[in-house]
$ cat run_31.json   # JSON, C-alpha atoms and all ligand atoms
[["chain", "number", "residue", "atom", "x", "y", "z"],
["A", 1497, "MET", "CA", -16.90, 6.43, -0.47],
["A", 1498, "ALA", "CA", -19.29, 6.50, 2.44],
["A", 1499, "THR", "CA", -19.56, 2.97, 3.83],
["A", 1500, "LYS", "CA", -19.58, 1.59, 7.32],
["A", 1501, "LEU", "CA", -16.58, -0.55, 6.44],
["A", 1502, "LYS", "CA", -14.37, 2.56, 6.16],
["A", 1503, "GLY", "CA", -11.60, 2.56, 8.75],
["A", 1504, "ARG", "CA", -12.14, -1.08, 9.80],
["A", 1505, "ASP", "CA", -9.33, -3.63, 10.18],
["A", 1506, "LEU", "CA", -9.70, -6.91, 8.31],
["A", 1507, "LEU", "CA", -8.06, -9.49, 10.56],
["A", 1508, "CYS", "CA", -10.59, -12.32, 10.63],
["A", 1509, "LEU", "CA", -13.92, -13.05, 8.91],
["A", 1510, "SER", "CA", -15.55, -13.56, 12.31],
["A", 1511, "ASP", "CA", -15.26, -9.78, 12.85],
["A", 1512, "PHE", "CA", -17.64, -9.17, 9.93],
["A", 1513, "SER", "CA", -21.35, -9.74, 9.51],
["A", 1514, "ARG", "CA", -22.86, -11.77, 6.71],
["A", 1515, "GLU", "CA", -24.10, -8.51, 5.11],
["A", 1516, "GLU", "CA", -20.63, -6.96, 5.25],
["A", 1517, "ILE", "CA", -19.08, -10.02, 3.63],
["A", 1518, "LEU", "CA", -21.68, -9.93, 0.86],
["A", 1519, "GLU", "CA", -21.06, -6.19, 0.42],
["A", 1520, "ILE", "CA", -17.33, -6.78, -0.14],
["A", 1521, "ILE", "CA", -18.00, -9.60, -2.62],
["A", 1522, "SER", "CA", -20.59, -7.62, -4.56],
["A", 1523, "PHE", "CA", -18.24, -4.64, -4.74],
["A", 1524, "GLY", "CA", -15.58, -7.02, -6.09],
["A", 1525, "ASP", "CA", -18.05, -8.08, -8.81],
["A", 1526, "LYS", "CA", -18.69, -4.44, -9.70],
["A", 1527, "LEU", "CA", -14.99, -3.57, -9.85],
["A", 1528, "LYS", "CA", -14.35, -6.61, -12.04],
["A", 1529, "MET", "CA", -17.07, -5.47, -14.46],
["A", 1530, "ASP", "CA", -15.71, -1.91, -14.40],
["A", 1531, "ALA", "CA", -12.22, -3.21, -15.18],
["A", 1532, "MET", "CA", -13.56, -5.32, -18.05],
["A", 1533, "ALA", "CA", -15.36, -2.27, -19.43],
["A", 1534, "GLY", "CA", -12.12, -0.26, -19.19],
["A", 1535, "LYS", "CA", -13.49, 2.00, -16.43],
["A", 1536, "GLN", "CA", -11.55, 2.15, -13.20],
["A", 1537, "GLU", "CA", -12.47, 4.76, -10.66],
["A", 1538, "ARG", "CA", -9.44, 5.97, -8.67],
["A", 1539, "TYR", "CA", -10.93, 5.48, -5.21],
["A", 1540, "LEU", "CA", -7.54, 5.83, -3.50],
["A", 1541, "ASP", "CA", -6.03, 8.63, -5.55],
["A", 1542, "GLY", "CA", -2.78, 9.87, -4.03],
["A", 1543, "LYS", "CA", -2.85, 7.49, -1.04],
["A", 1544, "SER", "CA", -0.14, 5.02, 0.01],
["A", 1545, "VAL", "CA", -0.44, 1.48, 1.35],
["A", 1546, "ALA", "CA", 2.35, -0.31, 3.25],
["A", 1547, "MET", "CA", 2.62, -4.06, 2.65],
["A", 1548, "ILE", "CA", 4.71, -5.93, 5.23],
["A", 1549, "PHE", "CA", 5.62, -9.49, 4.27],
["A", 1550, "GLN", "CA", 7.27, -11.89, 6.73],
["A", 1551, "LYS", "CA", 6.73, -14.77, 4.26],
["A", 1552, "ALA", "CA", 6.85, -15.44, 0.51],
["A", 1553, "SER", "CA", 3.92, -14.50, -1.72],
["A", 1554, "THR", "CA", 3.04, -14.39, -5.40],
["A", 1555, "ARG", "CA", -0.74, -13.84, -5.65],
["A", 1556, "THR", "CA", -1.38, -11.77, -2.54],
["A", 1557, "ARG", "CA", 1.56, -9.45, -3.03],
["A", 1558, "VAL", "CA", 1.02, -8.88, -6.74],
["A", 1559, "SER", "CA", -2.78, -8.59, -6.56],
["A", 1560, "PHE", "CA", -2.61, -6.05, -3.73],
["A", 1561, "GLU", "CA", 0.13, -4.10, -5.48],
["A", 1562, "VAL", "CA", -1.72, -4.00, -8.81],
["A", 1563, "ALA", "CA", -5.04, -3.30, -7.08],
["A", 1564, "ALA", "CA", -3.56, -0.33, -5.21],
["A", 1565, "PHE", "CA", -1.96, 1.03, -8.40],
["A", 1566, "GLU", "CA", -5.17, 0.71, -10.42],
["A", 1567, "LEU", "CA", -7.12, 2.51, -7.67],
["A", 1568, "GLY", "CA", -4.64, 5.40, -7.85],
["A", 1569, "ALA", "CA", -2.61, 4.48, -4.75],
["A", 1570, "HIS", "CA", 1.05, 3.69, -4.23],
["A", 1571, "ALA", "CA", 1.85, 0.33, -2.62],
["A", 1572, "LEU", "CA", 5.14, -0.13, -0.78],
["A", 1573, "TYR", "CA", 6.38, -3.73, -0.58],
["A", 1574, "LEU", "CA", 8.24, -4.10, 2.71],
["A", 1575, "ASN", "CA", 10.10, -7.35, 3.28],
["A", 1576, "SER", "CA", 10.20, -7.57, 7.06],
["A", 1577, "ASN", "CA", 13.83, -8.71, 6.88],
["A", 1578, "ASP", "CA", 14.76, -5.32, 5.44],
["A", 1579, "MET", "CA", 12.92, -3.41, 8.16],
["A", 1580, "GLN", "CA", 14.10, -2.42, 11.62],
["A", 1581, "LEU", "CA", 11.72, -5.15, 12.84],
["A", 1582, "ARG", "CA", 14.51, -7.60, 12.13],
["A", 1583, "ARG", "CA", 16.79, -5.61, 14.44],
["A", 1584, "GLY", "CA", 14.33, -5.60, 17.31],
["A", 1585, "GLU", "CA", 12.02, -2.62, 16.74],
["A", 1586, "THR", "CA", 8.64, -3.64, 18.12],
["A", 1587, "ILE", "CA", 5.52, -4.30, 16.09],
["A", 1588, "ALA", "CA", 3.77, -1.58, 18.12],
["A", 1589, "ASP", "CA", 6.38, 1.09, 17.34],
["A", 1590, "THR", "CA", 6.39, 0.03, 13.68],
["A", 1591, "ALA", "CA", 2.60, 0.42, 13.54],
["A", 1592, "HIS", "CA", 2.68, 3.86, 15.19],
["A", 1593, "VAL", "CA", 5.24, 5.08, 12.66],
["A", 1594, "LEU", "CA", 3.78, 3.54, 9.49],
["A", 1595, "SER", "CA", 0.29, 4.80, 10.25],
["A", 1596, "ARG", "CA", 1.65, 8.37, 10.20],
["A", 1597, "TYR", "CA", 2.68, 7.80, 6.56],
["A", 1598, "VAL", "CA", 0.13, 5.51, 4.94],
["A", 1599, "ALA", "CA", -3.64, 5.05, 4.59],
["A", 1600, "GLY", "CA", -3.51, 1.31, 5.30],
["A", 1601, "ILE", "CA", -1.21, -1.57, 6.27],
["A", 1602, "VAL", "CA", -1.41, -4.98, 4.58],
["A", 1603, "ALA", "CA", 0.58, -7.62, 6.48],
["A", 1604, "ARG", "CA", 1.50, -11.29, 6.00],
["A", 1605, "VAL", "CA", 2.82, -12.69, 9.26],
["A", 1606, "PHE", "CA", 3.72, -15.94, 10.98],
["A", 1607, "ALA", "CA", 1.96, -15.28, 14.30],
["A", 1608, "HIS", "CA", -1.60, -13.92, 14.10],
["A", 1609, "GLN", "CA", -0.83, -12.00, 17.31],
["A", 1610, "ASP", "CA", 1.47, -9.74, 15.24],
["A", 1611, "LEU", "CA", -1.59, -8.58, 13.27],
["A", 1612, "ILE", "CA", -3.51, -7.91, 16.47],
["A", 1613, "ASP", "CA", -0.57, -5.89, 17.80],
["A", 1614, "LEU", "CA", -0.25, -3.98, 14.51],
["A", 1615, "ALA", "CA", -3.95, -3.15, 14.52],
["A", 1616, "ALA", "CA", -3.96, -2.13, 18.17],
["A", 1617, "ASN", "CA", -1.21, 0.41, 17.51],
["A", 1618, "SER", "CA", -2.09, 1.71, 14.07],
["A", 1619, "ASP", "CA", -4.47, 4.54, 13.24],
["A", 1620, "ALA", "CA", -4.66, 3.16, 9.71],
["A", 1621, "PRO", "CA", -6.65, -0.04, 8.96],
["A", 1622, "VAL", "CA", -4.67, -3.29, 9.06],
["A", 1623, "ILE", "CA", -5.46, -6.02, 6.53],
["A", 1624, "ASN", "CA", -4.53, -9.68, 7.10],
["A", 1625, "ALA", "CA", -2.63, -10.95, 4.05],
["A", 1626, "LEU", "CA", -2.30, -14.41, 5.75],
["A", 1627, "SER", "CA", -1.31, -15.51, 9.21],
["A", 1628, "ASP", "CA", -0.89, -18.87, 10.92],
["A", 1629, "LEU", "CA", -4.57, -18.60, 11.91],
["A", 1630, "SER", "CA", -6.39, -17.30, 8.88],
["A", 1631, "HIS", "CA", -6.43, -16.01, 5.31],
["A", 1632, "PRO", "CA", -9.60, -13.90, 5.04],
["A", 1633, "CYS", "CA", -8.80, -12.00, 1.80],
["A", 1634, "GLN", "CA", -8.31, -15.36, 0.06],
["A", 1635, "ILE", "CA", -11.72, -16.61, 1.15],
["A", 1636, "LEU", "CA", -13.51, -13.37, 0.18],
["A", 1637, "GLY", "CA", -12.14, -13.84, -3.35],
["A", 1638, "ASP", "CA", -13.11, -17.52, -3.25],
["A", 1639, "LEU", "CA", -16.71, -16.74, -2.29],
["A", 1640, "MET", "CA", -16.79, -14.29, -5.19],
["A", 1641, "THR", "CA", -15.55, -17.09, -7.49],
["A", 1642, "ILE", "CA", -18.06, -19.63, -6.16],
["A", 1643, "ARG", "CA", -20.97, -17.22, -6.68],
["A", 1644, "GLU", "CA", -19.71, -16.37, -10.17],
["A", 1645, "LYS", "CA", -19.59, -20.06, -11.12],
["A", 1646, "LYS", "CA", -22.69, -21.31, -9.29],
["A", 1647, "GLY", "CA", -24.92, -18.22, -9.41],
["A", 1648, "THR", "CA", -25.59, -18.37, -5.66],
["A", 1649, "LEU", "CA", -23.95, -19.07, -2.30],
["A", 1650, "LYS", "CA", -26.76, -19.94, 0.11],
["A", 1651, "GLY", "CA", -27.75, -23.61, -0.06],
["A", 1652, "LEU", "CA", -24.55, -24.83, -1.72],
["A", 1653, "ARG", "CA", -22.41, -27.64, -0.28],
["A", 1654, "LEU", "CA", -18.61, -27.50, -0.20],
["A", 1655, "ALA", "CA", -15.94, -29.96, 0.93],
["A", 1656, "TYR", "CA", -12.45, -28.98, 2.06],
["A", 1657, "VAL", "CA", -10.07, -31.93, 1.96],
["A", 1658, "GLY", "CA", -6.64, -31.90, 3.63],
["A", 1659, "ASP", "CA", -4.79, -29.95, 6.29],
["A", 1660, "GLY", "CA", -7.04, -28.02, 8.70],
["A", 1661, "ASN", "CA", -4.91, -24.90, 8.26],
["A", 1662, "ASN", "CA", -5.32, -21.11, 7.99],
["A", 1663, "VAL", "CA", -7.22, -21.42, 4.68],
["A", 1664, "ALA", "CA", -9.53, -24.09, 6.11],
["A", 1665, "ASN", "CA", -10.21, -21.89, 9.16],
["A", 1666, "SER", "CA", -11.23, -18.89, 7.06],
["A", 1667, "LEU", "CA", -13.20, -21.06, 4.65],
["A", 1668, "LEU", "CA", -15.21, -22.46, 7.58],
["A", 1669, "LEU", "CA", -16.10, -18.97, 8.79],
["A", 1670, "GLY", "CA", -16.83, -17.58, 5.32],
["A", 1671, "CYS", "CA", -18.99, -20.49, 4.17],
["A", 1672, "ALA", "CA", -20.94, -20.72, 7.42],
["A", 1673, "HIS", "CA", -21.62, -16.97, 7.32],
["A", 1674, "VAL", "CA", -23.07, -16.96, 3.80],
["A", 1675, "GLY", "CA", -25.07, -20.19, 4.08],
["A", 1676, "ILE", "CA", -22.77, -22.72, 2.36],
["A", 1677, "SER", "CA", -22.76, -26.07, 4.17],
["A", 1678, "ILE", "CA", -19.14, -27.07, 4.67],
["A", 1679, "ALA", "CA", -17.56, -30.44, 5.42],
["A", 1680, "VAL", "CA", -13.85, -30.46, 6.31],
["A", 1681, "ALA", "CA", -11.98, -33.77, 6.05],
["A", 1682, "SER", "CA", -8.57, -33.79, 7.71],
["A", 1683, "PRO", "CA", -6.39, -36.48, 9.26],
["A", 1684, "ARG", "CA", -6.78, -36.96, 13.00],
["A", 1685, "GLY", "CA", -4.74, -34.29, 14.76],
["A", 1686, "PHE", "CA", -4.84, -31.95, 11.76],
["A", 1687, "GLU", "CA", -8.44, -30.74, 12.07],
["A", 1688, "PRO", "CA", -9.22, -26.99, 11.98],
["A", 1689, "LYS", "CA", -8.95, -25.07, 15.24],
["A", 1690, "ASP", "CA", -11.73, -25.93, 17.76],
["A", 1691, "GLU", "CA", -12.56, -22.33, 18.51],
["A", 1692, "ILE", "CA", -13.01, -21.60, 14.78],
["A", 1693, "VAL", "CA", -15.23, -24.67, 14.34],
["A", 1694, "LYS", "CA", -17.34, -23.48, 17.26],
["A", 1695, "THR", "CA", -17.77, -19.98, 15.84],
["A", 1696, "ALA", "CA", -18.49, -21.37, 12.35],
["A", 1697, "THR", "CA", -21.13, -23.69, 13.79],
["A", 1698, "GLU", "CA", -22.87, -20.70, 15.41],
["A", 1699, "PHE", "CA", -22.75, -18.77, 12.11],
["A", 1700, "ALA", "CA", -24.10, -21.83, 10.28],
["A", 1701, "LYS", "CA", -27.08, -22.06, 12.62],
["A", 1702, "ARG", "CA", -27.93, -18.45, 11.80],
["A", 1703, "SER", "CA", -27.52, -18.87, 8.04],
["A", 1704, "GLY", "CA", -29.31, -22.23, 7.86],
["A", 1705, "SER", "CA", -26.24, -24.21, 6.82],
["A", 1706, "THR", "CA", -24.18, -26.95, 8.48],
["A", 1707, "VAL", "CA", -20.58, -27.58, 9.55],
["A", 1708, "LEU", "CA", -19.12, -31.09, 9.57],
["A", 1709, "ILE", "CA", -15.59, -32.04, 10.64],
["A", 1710, "THR", "CA", -14.61, -35.57, 9.65],
["A", 1711, "ASN", "CA", -11.51, -37.74, 9.21],
["A", 1712, "ASP", "CA", -12.98, -39.39, 6.12],
["A", 1713, "PRO", "CA", -12.45, -37.64, 2.77],
["A", 1714, "LEU", "CA", -15.14, -39.81, 1.11],
["A", 1715, "VAL", "CA", -17.76, -38.62, 3.58],
["A", 1716, "SER", "CA", -16.88, -34.97, 2.99],
["A", 1717, "VAL", "CA", -17.21, -34.93, -0.80],
["A", 1718, "GLN", "CA", -20.53, -36.80, -1.23],
["A", 1719, "ASP", "CA", -22.68, -34.78, -3.68],
["A", 1720, "VAL", "CA", -21.00, -31.45, -2.98],
["A", 1721, "ASP", "CA", -21.03, -28.48, -5.37],
["A", 1722, "ALA", "CA", -17.40, -27.54, -4.75],
["A", 1723, "VAL", "CA", -14.23, -29.25, -3.51],
["A", 1724, "TYR", "CA", -11.37, -27.18, -2.08],
["A", 1725, "THR", "CA", -7.87, -28.19, -1.08],
["A", 1726, "ASP", "CA", -4.59, -26.58, -0.01],
["A", 1727, "VAL", "CA", -0.99, -27.63, 0.63],
["A", 1728, "TRP", "CA", -0.23, -30.19, 3.32],
["A", 1729, "ALA", "CA", 2.68, -28.22, 4.80],
["A", 1730, "SER", "CA", 2.12, -24.48, 5.05],
["A", 1731, "MET", "CA", 4.82, -21.83, 5.13],
["A", 1732, "GLY", "CA", 6.67, -22.22, 8.42],
["A", 1733, "GLN", "CA", 5.96, -25.98, 8.65],
["A", 1734, "GLU", "CA", 8.77, -27.07, 6.33],
["A", 1735, "ALA", "CA", 10.43, -29.19, 9.05],
["A", 1736, "GLU", "CA", 7.25, -31.29, 9.34],
["A", 1737, "HIS", "CA", 7.02, -31.84, 5.58],
["A", 1738, "ASP", "CA", 7.92, -35.55, 5.40],
["A", 1739, "GLU", "CA", 5.79, -36.54, 8.39],
["A", 1740, "ARG", "CA", 2.81, -34.62, 7.04],
["A", 1741, "MET", "CA", 3.10, -36.23, 3.59],
["A", 1742, "LYS", "CA", 2.64, -39.67, 5.13],
["A", 1743, "VAL", "CA", -0.44, -38.76, 7.16],
["A", 1744, "MET", "CA", -2.10, -36.65, 4.47],
["A", 1745, "ARG", "CA", -1.67, -39.04, 1.53],
["A", 1746, "PRO", "CA", -5.24, -40.49, 1.72],
["A", 1747, "PHE", "CA", -6.56, -36.90, 1.48],
["A", 1748, "SER", "CA", -5.17, -36.25, -2.00],
["A", 1749, "LEU", "CA", -7.70, -34.69, -4.36],
["A", 1750, "THR", "CA", -7.76, -37.27, -7.15],
["A", 1751, "ALA", "CA", -10.18, -37.93, -10.02],
["A", 1752, "ASP", "CA", -11.46, -40.94, -8.02],
["A", 1753, "LEU", "CA", -12.36, -38.74, -5.06],
["A", 1754, "MET", "CA", -13.99, -36.18, -7.40],
["A", 1755, "HIS", "CA", -16.35, -38.91, -8.70],
["A", 1756, "HIS", "CA", -18.18, -38.74, -5.37],
["A", 1757, "ALA", "CA", -18.92, -35.02, -5.74],
["A", 1758, "ARG", "CA", -21.65, -33.71, -8.03],
["A", 1759, "LYS", "CA", -20.84, -33.98, -11.74],
["A", 1760, "ASP", "CA", -20.86, -30.19, -12.02],
["A", 1761, "ALA", "CA", -18.77, -29.65, -8.88],
["A", 1762, "ILE", "CA", -16.00, -27.09, -9.18],
["A", 1763, "VAL", "CA", -12.46, -27.55, -7.87],
["A", 1764, "LEU", "CA", -10.81, -24.77, -5.90],
["A", 1765, "HIS", "CA", -7.27, -24.34, -4.58],
["A", 1766, "CYS", "CA", -5.87, -21.13, -3.14],
["A", 1767, "LEU", "CA", -2.48, -21.92, -4.75],
["A", 1768, "PRO", "CA", 0.44, -22.41, -4.77],
["A", 1769, "ALA", "CA", -0.30, -26.10, -5.43],
["A", 1770, "HIS", "CA", 2.05, -28.95, -4.77],
["A", 1771, "ARG", "CA", 0.99, -31.05, -7.72],
["A", 1772, "GLY", "CA", 1.08, -34.77, -7.01],
["A", 1773, "GLU", "CA", 0.60, -34.15, -3.29],
["A", 1774, "GLU", "CA", -2.73, -32.53, -2.27],
["A", 1775, "ILE", "CA", -4.01, -32.44, -5.87],
["A", 1776, "THR", "CA", -3.24, -34.43, -9.01],
["A", 1777, "ASP", "CA", -2.41, -32.79, -12.34],
["A", 1778, "GLU", "CA", -5.52, -34.45, -13.77],
["A", 1779, "VAL", "CA", -7.82, -32.65, -11.32],
["A", 1780, "MET", "CA", -5.93, -29.36, -11.26],
["A", 1781, "ASP", "CA", -5.89, -29.12, -15.07],
["A", 1782, "GLY", "CA", -9.28, -30.82, -15.57],
["A", 1783, "PRO", "CA", -12.56, -29.27, -16.74],
["A", 1784, "GLN", "CA", -13.92, -28.83, -13.21],
["A", 1785, "SER", "CA", -10.96, -26.79, -12.02],
["A", 1786, "VAL", "CA", -11.51, -23.03, -11.62],
["A", 1787, "VAL", "CA", -8.21, -22.35, -9.85],
["A", 1788, "PHE", "CA", -6.91, -19.69, -12.23],
["A", 1789, "ASP", "CA", -10.21, -17.77, -12.30],
["A", 1790, "GLN", "CA", -10.04, -18.04, -8.52],
["A", 1791, "ALA", "CA", -6.52, -16.56, -8.56],
["A", 1792, "GLU", "CA", -7.67, -13.74, -10.89],
["A", 1793, "ASN", "CA", -10.46, -12.80, -8.51],
["A", 1794, "ARG", "CA", -7.88, -12.04, -5.83],
["A", 1795, "LEU", "CA", -7.16, -8.86, -7.80],
["A", 1796, "HIS", "CA", -10.79, -7.74, -7.95],
["A", 1797, "ILE", "CA", -11.49, -8.56, -4.32],
["A", 1798, "GLN", "CA", -8.30, -6.83, -3.10],
["A", 1799, "LYS", "CA", -9.52, -3.71, -4.92],
["A", 1800, "ALA", "CA", -12.87, -3.99, -3.17],
["A", 1801, "ILE", "CA", -11.22, -4.47, 0.22],
["A", 1802, "LEU", "CA", -8.82, -1.55, -0.23],
["A", 1803, "ALA", "CA", -11.50, 0.80, -1.56],
["A", 1804, "LEU", "CA", -14.11, -0.05, 1.09],
["A", 1805, "LEU", "CA", -11.71, 0.11, 4.04],
["A", 1806, "LEU", "CA", -9.37, 2.91, 3.02],
["A", 1807, "ALA", "CA", -11.18, 5.31, 0.65],
["A", 1901, "LIG", "N1", -3.06, -17.88, -2.31],
["A", 1901, "LIG", "C1", -2.09, -17.06, -1.87],
["A", 1901, "LIG", "O1", -2.24, -16.31, -0.90],
["A", 1901, "LIG", "O2", -0.97, -17.11, -2.63],
["A", 1901, "LIG", "P1", 0.41, -16.40, -2.33],
["A", 1901, "LIG", "O3", 1.07, -17.12, -1.20],
["A", 1901, "LIG", "O4", 1.19, -16.54, -3.62],
["A", 1901, "LIG", "O5", 0.15, -14.96, -2.00],
["A", 1902, "LIG", "N1", -1.81, -22.69, 3.85],
["A", 1902, "LIG", "C1", -0.87, -22.05, 2.96],
["A", 1902, "LIG", "C2", -1.55, -21.03, 2.13],
["A", 1902, "LIG", "C3", -0.69, -20.30, 1.15],
["A", 1902, "LIG", "C4", -1.42, -19.26, 0.39],
["A", 1902, "LIG", "C5", 0.26, -21.44, 3.78],
["A", 1902, "LIG", "O1", -0.01, -20.86, 4.83],
["A", 1902, "LIG", "O2", 1.41, -21.57, 3.37]]
$ encode --input "run_31.json" --output "C-alpha cells"
Amino acid sequence: MATKLKGRDLLCLSDFSREEILEIISFGDKLKMDAMAGKQERYLDGKSVAMIFQKASTRTRVSFEVAAFELGAHALYLNSNDMQLRRGETIADTAHVLSRYVAGIVARVFAHQDLIDLAANSDAPVINALSDLSHPCQILGDLMTIREKKGTLKGLRLAYVGDGNNVANSLLLGCAHVGISIAVASPRGFEPKDEIVKTATEFAKRSGSTVLITNDPLVSVQDVDAVYTDVWASMGQEAEHDERMKVMRPFSLTADLMHHARKDAIVLHCLPAHRGEEITDEVMDGPQSVVFDQAENRLHIQKAILALLLA
C-alpha cells in the first residue's frame, strides 16, 4: 500500500492532519464493508506485530490481535511483567531489539513518555494503545462510529461528561480536527490537560468548530448530537477511587441529563463502563446507546491503522 502514513508512529492525534484522520476513518469504513462482504485483503501477510501491555485490556488487545490475524499478520501479546522490562531492561533497548523482529509495536503504558522513548528507539512504527495522556486509536474508532450514525462529522455537537482523562484529551483533539464542536464538563480540578485544550482550540478555529470546558454538565449537553462518558477512576488511579466518586457524582450520565441533549443524540462510552457510576443502566442499555457498535468499530479501525502504517 502506497500511502504517506506508511512508517509513521501513532502516538497522539495532534501529530496528524485532519485529512490523515479522515483517511484512516474512511479506510476503516472500507475494511468494515470488505469484512461484511467476506473479502479481506491480507495487507500484512507474513508480518509480525508486538503488543506490549503494562495494563489490563479487553477491547484494545483483542481487536488488535484479531485485526492483525485477519490482515495476515501474527500478533504477539507481551505482558510487560513477563518481559525483561520488569527486571530493569530499558525501554530504549527493548525498542531496538523488538524492531529487529517485528513490523510494528503496539503499546499500552502508564507514562506517555514510555511511548515517546519506544518510538525514538524503534525503526518500526509505534502505536499508542492507551497512555496516561491519550487514547488515539479509541477516538479514531469513535469518529468512525459517529459518522456512521450521523452521516457526517463537521457541524455536529458533542458533550463529554466526567473525568478529563486520556479519553477526553484525545476526544478533544479528534473532534476539533474534524469540525465537531465539543463541550467537556468535568469537576473543578479534573478538567482535561491545559496544553491539550489549547491545541484543540487551535484545531477548532481551523475546522470552524468550538471547544468549551465547563464545570456544569447541564451546560455541556444542551442540544448536542452525541454524549460521551468514561470511568471516573482510570487504570492506575485506583487509590483515588473513593475520593473521585464523591466529586464526580453530579456528572453521572442519567436519563435526566440526556433529556437536555437532542432527542436523536447518541450515547458513547469507550468501555469498560462502571454501571451506576458514570452511566446508569437505563442510559447504557437505552435506545440512544451505540456503545457496542462503537466497541465493534475498534476492530475495523485497528485494521485500518495497522494496514496504513505497517503495510
Ligand atoms: N476502550 C478500551 O480501550 O478498552 P480496553 O481497556 O478493554 O482495551
Ligand atoms: N480512561 C480509562 C480508559 C479505559 C479504556 C483508563 O485509562 O482506564
$ residues_around --input "run_31.json" --residues "segment 1738-1751 of chain A" --least-positions-apart "4" --cutoff "6 Å" --atoms "only C-alpha atoms" --output "PDB file with C-alpha atoms, in the frame of the given file"
ATOM      1  CA  GLY A1658      -6.640 -31.900   3.630  1.00  0.00           C
ATOM      2  CA  GLU A1774      -2.730 -32.530  -2.270  1.00  0.00           C
ATOM      3  CA  ILE A1775      -4.010 -32.440  -5.870  1.00  0.00           C
ATOM      4  CA  THR A1776      -3.240 -34.430  -9.010  1.00  0.00           C
ATOM      5  CA  VAL A1779      -7.820 -32.650 -11.320  1.00  0.00           C
TER       6      VAL A1779
END
$ residues_around --input "run_31.json" --residues "Ser1553 of chain A" --least-positions-apart "5" --cutoff "10 Å" --atoms "all atoms listed in the file" --output "JSON, numbers by chain"
{"A": [1558, 1604, 1625, 1626, 1768]}
$ residues_near_ligand --input "run_31.json" --ligand "ligand LIG 1901 (chain A)" --cutoff "9 Å" --atoms "only C-alpha atoms and all ligand atoms" --output "compact mmCIF listing (two decimals) with C-alpha atoms, in the coordinates of the input"
# COMPACT_ATOMS: atom_id res chain seq x y z
CA LYS A 1551 6.73 -14.77 4.26
CA ALA A 1552 6.85 -15.44 0.51
CA SER A 1553 3.92 -14.50 -1.72
CA THR A 1554 3.04 -14.39 -5.40
CA ARG A 1555 -0.74 -13.84 -5.65
CA THR A 1556 -1.38 -11.77 -2.54
CA ARG A 1557 1.56 -9.45 -3.03
CA VAL A 1558 1.02 -8.88 -6.74
CA SER A 1559 -2.78 -8.59 -6.56
CA ARG A 1604 1.50 -11.29 6.00
CA ALA A 1625 -2.63 -10.95 4.05
CA LEU A 1626 -2.30 -14.41 5.75
CA HIS A 1631 -6.43 -16.01 5.31
CA CYS A 1633 -8.80 -12.00 1.80
CA GLN A 1634 -8.31 -15.36 0.06
CA VAL A 1663 -7.22 -21.42 4.68
CA MET A 1731 4.82 -21.83 5.13
CA HIS A 1765 -7.27 -24.34 -4.58
CA CYS A 1766 -5.87 -21.13 -3.14
CA LEU A 1767 -2.48 -21.92 -4.75
CA PRO A 1768 0.44 -22.41 -4.77
CA ALA A 1791 -6.52 -16.56 -8.56
CA ARG A 1794 -7.88 -12.04 -5.83
$ residues_around --input "run_31.json" --residues "Thr1590 of chain A" --least-positions-apart "2" --cutoff "10 Å" --atoms "all atoms listed in the file" --output "PyMOL selection string"
chain A and resi 1579-1581+1585-1588+1592-1595+1614+1617-1618
$ closest_residue --input "run_31.json" --among "A:Ala1769, A:Met1640, A:Val1680, A:Met1547" --to "Glu1792 of chain A" --atoms "all atoms listed in the file"
A:Met1640
$ closest_residue --input "run_31.json" --among "A:Asp1719, A:Asp1659, A:Asp1690, A:Asp1752" --to "ligand LIG 1902 (chain A)" --atoms "only C-alpha atoms and all ligand atoms"
A:Asp1659
$ atom_distance --input "run_31.json" --atom1 "atom CA of Phe1560 of chain A" --atom2 "atom CA of Leu1795 of chain A"
6.7 Å
$ residues_near_point --input "run_31.json" --point "(-17.4, -40.4, -3.9)" --cutoff "9 Å" --atoms "only C-alpha atoms" --output "list in words"
Pro1713, Leu1714, Val1715, Ser1716, Val1717, Gln1718, Asp1719, Asp1752, Leu1753, Met1754, His1755, His1756, Ala1757 and Arg1758 of chain A
$ atom_distance --input "run_31.json" --atom1 "atom CA of Leu1501 of chain A" --atom2 "atom CA of Val1787 of chain A"
28.5 Å
$ axis_aligned_box --input "run_31.json" --around "ligand LIG 1902 (chain A)" --padding-each-side "3 Å" --output "AutoDock Vina command-line options"
--center_x -0.2 --center_y -21.0 --center_z 2.6 --size_x 9.2 --size_y 9.4 --size_z 10.4
$ residues_around --input "run_31.json" --residues "Asp1721 of chain A" --least-positions-apart "6" --cutoff "8 Å" --atoms "only C-alpha atoms" --output "mmCIF file with C-alpha atoms, in the coordinates of the input"
data_model
loop_
_atom_site.group_PDB
_atom_site.id
_atom_site.type_symbol
_atom_site.label_atom_id
_atom_site.label_comp_id
_atom_site.auth_asym_id
_atom_site.auth_seq_id
_atom_site.Cartn_x
_atom_site.Cartn_y
_atom_site.Cartn_z
ATOM 1 C CA LEU A 1652 -24.550 -24.830 -1.720
ATOM 2 C CA ARG A 1653 -22.410 -27.640 -0.280
ATOM 3 C CA LEU A 1654 -18.610 -27.500 -0.200
ATOM 4 C CA ALA A 1757 -18.920 -35.020 -5.740
ATOM 5 C CA ARG A 1758 -21.650 -33.710 -8.030
ATOM 6 C CA ASP A 1760 -20.860 -30.190 -12.020
ATOM 7 C CA ALA A 1761 -18.770 -29.650 -8.880
ATOM 8 C CA ILE A 1762 -16.000 -27.090 -9.180
#
$ closest_residue --input "run_31.json" --among "A:Ser1730, A:Ser1703, A:Ser1513, A:Thr1695" --to "ligand LIG 1902 (chain A)" --atoms "all atoms listed in the file"
A:Ser1730
$ closest_residue --input "run_31.json" --among "A:Ala1533, A:Ile1548, A:Ala1563, A:Leu1649" --to "His1673 of chain A" --atoms "only C-alpha atoms"
A:Leu1649
$ residues_around --input "run_31.json" --residues "Arg1504 of chain A" --least-positions-apart "6" --cutoff "12 Å" --atoms "only C-alpha atoms" --output "JSON, numbers by chain"
{"A": [1511, 1512, 1516, 1599, 1600, 1601, 1615, 1616, 1618, 1619, 1620, 1621, 1622, 1623, 1624, 1801, 1802, 1803, 1804, 1805, 1806, 1807]}
$ atom_distance --input "run_31.json" --atom1 "atom CA of Cys1508 of chain A" --atom2 "atom CA of Asp1530 of chain A"
27.6 Å
$ closest_residue --input "run_31.json" --among "A:Ala1800, A:Leu1667, A:Leu1629, A:Ala1681" --to "Phe1523 of chain A" --atoms "only C-alpha atoms"
A:Ala1800
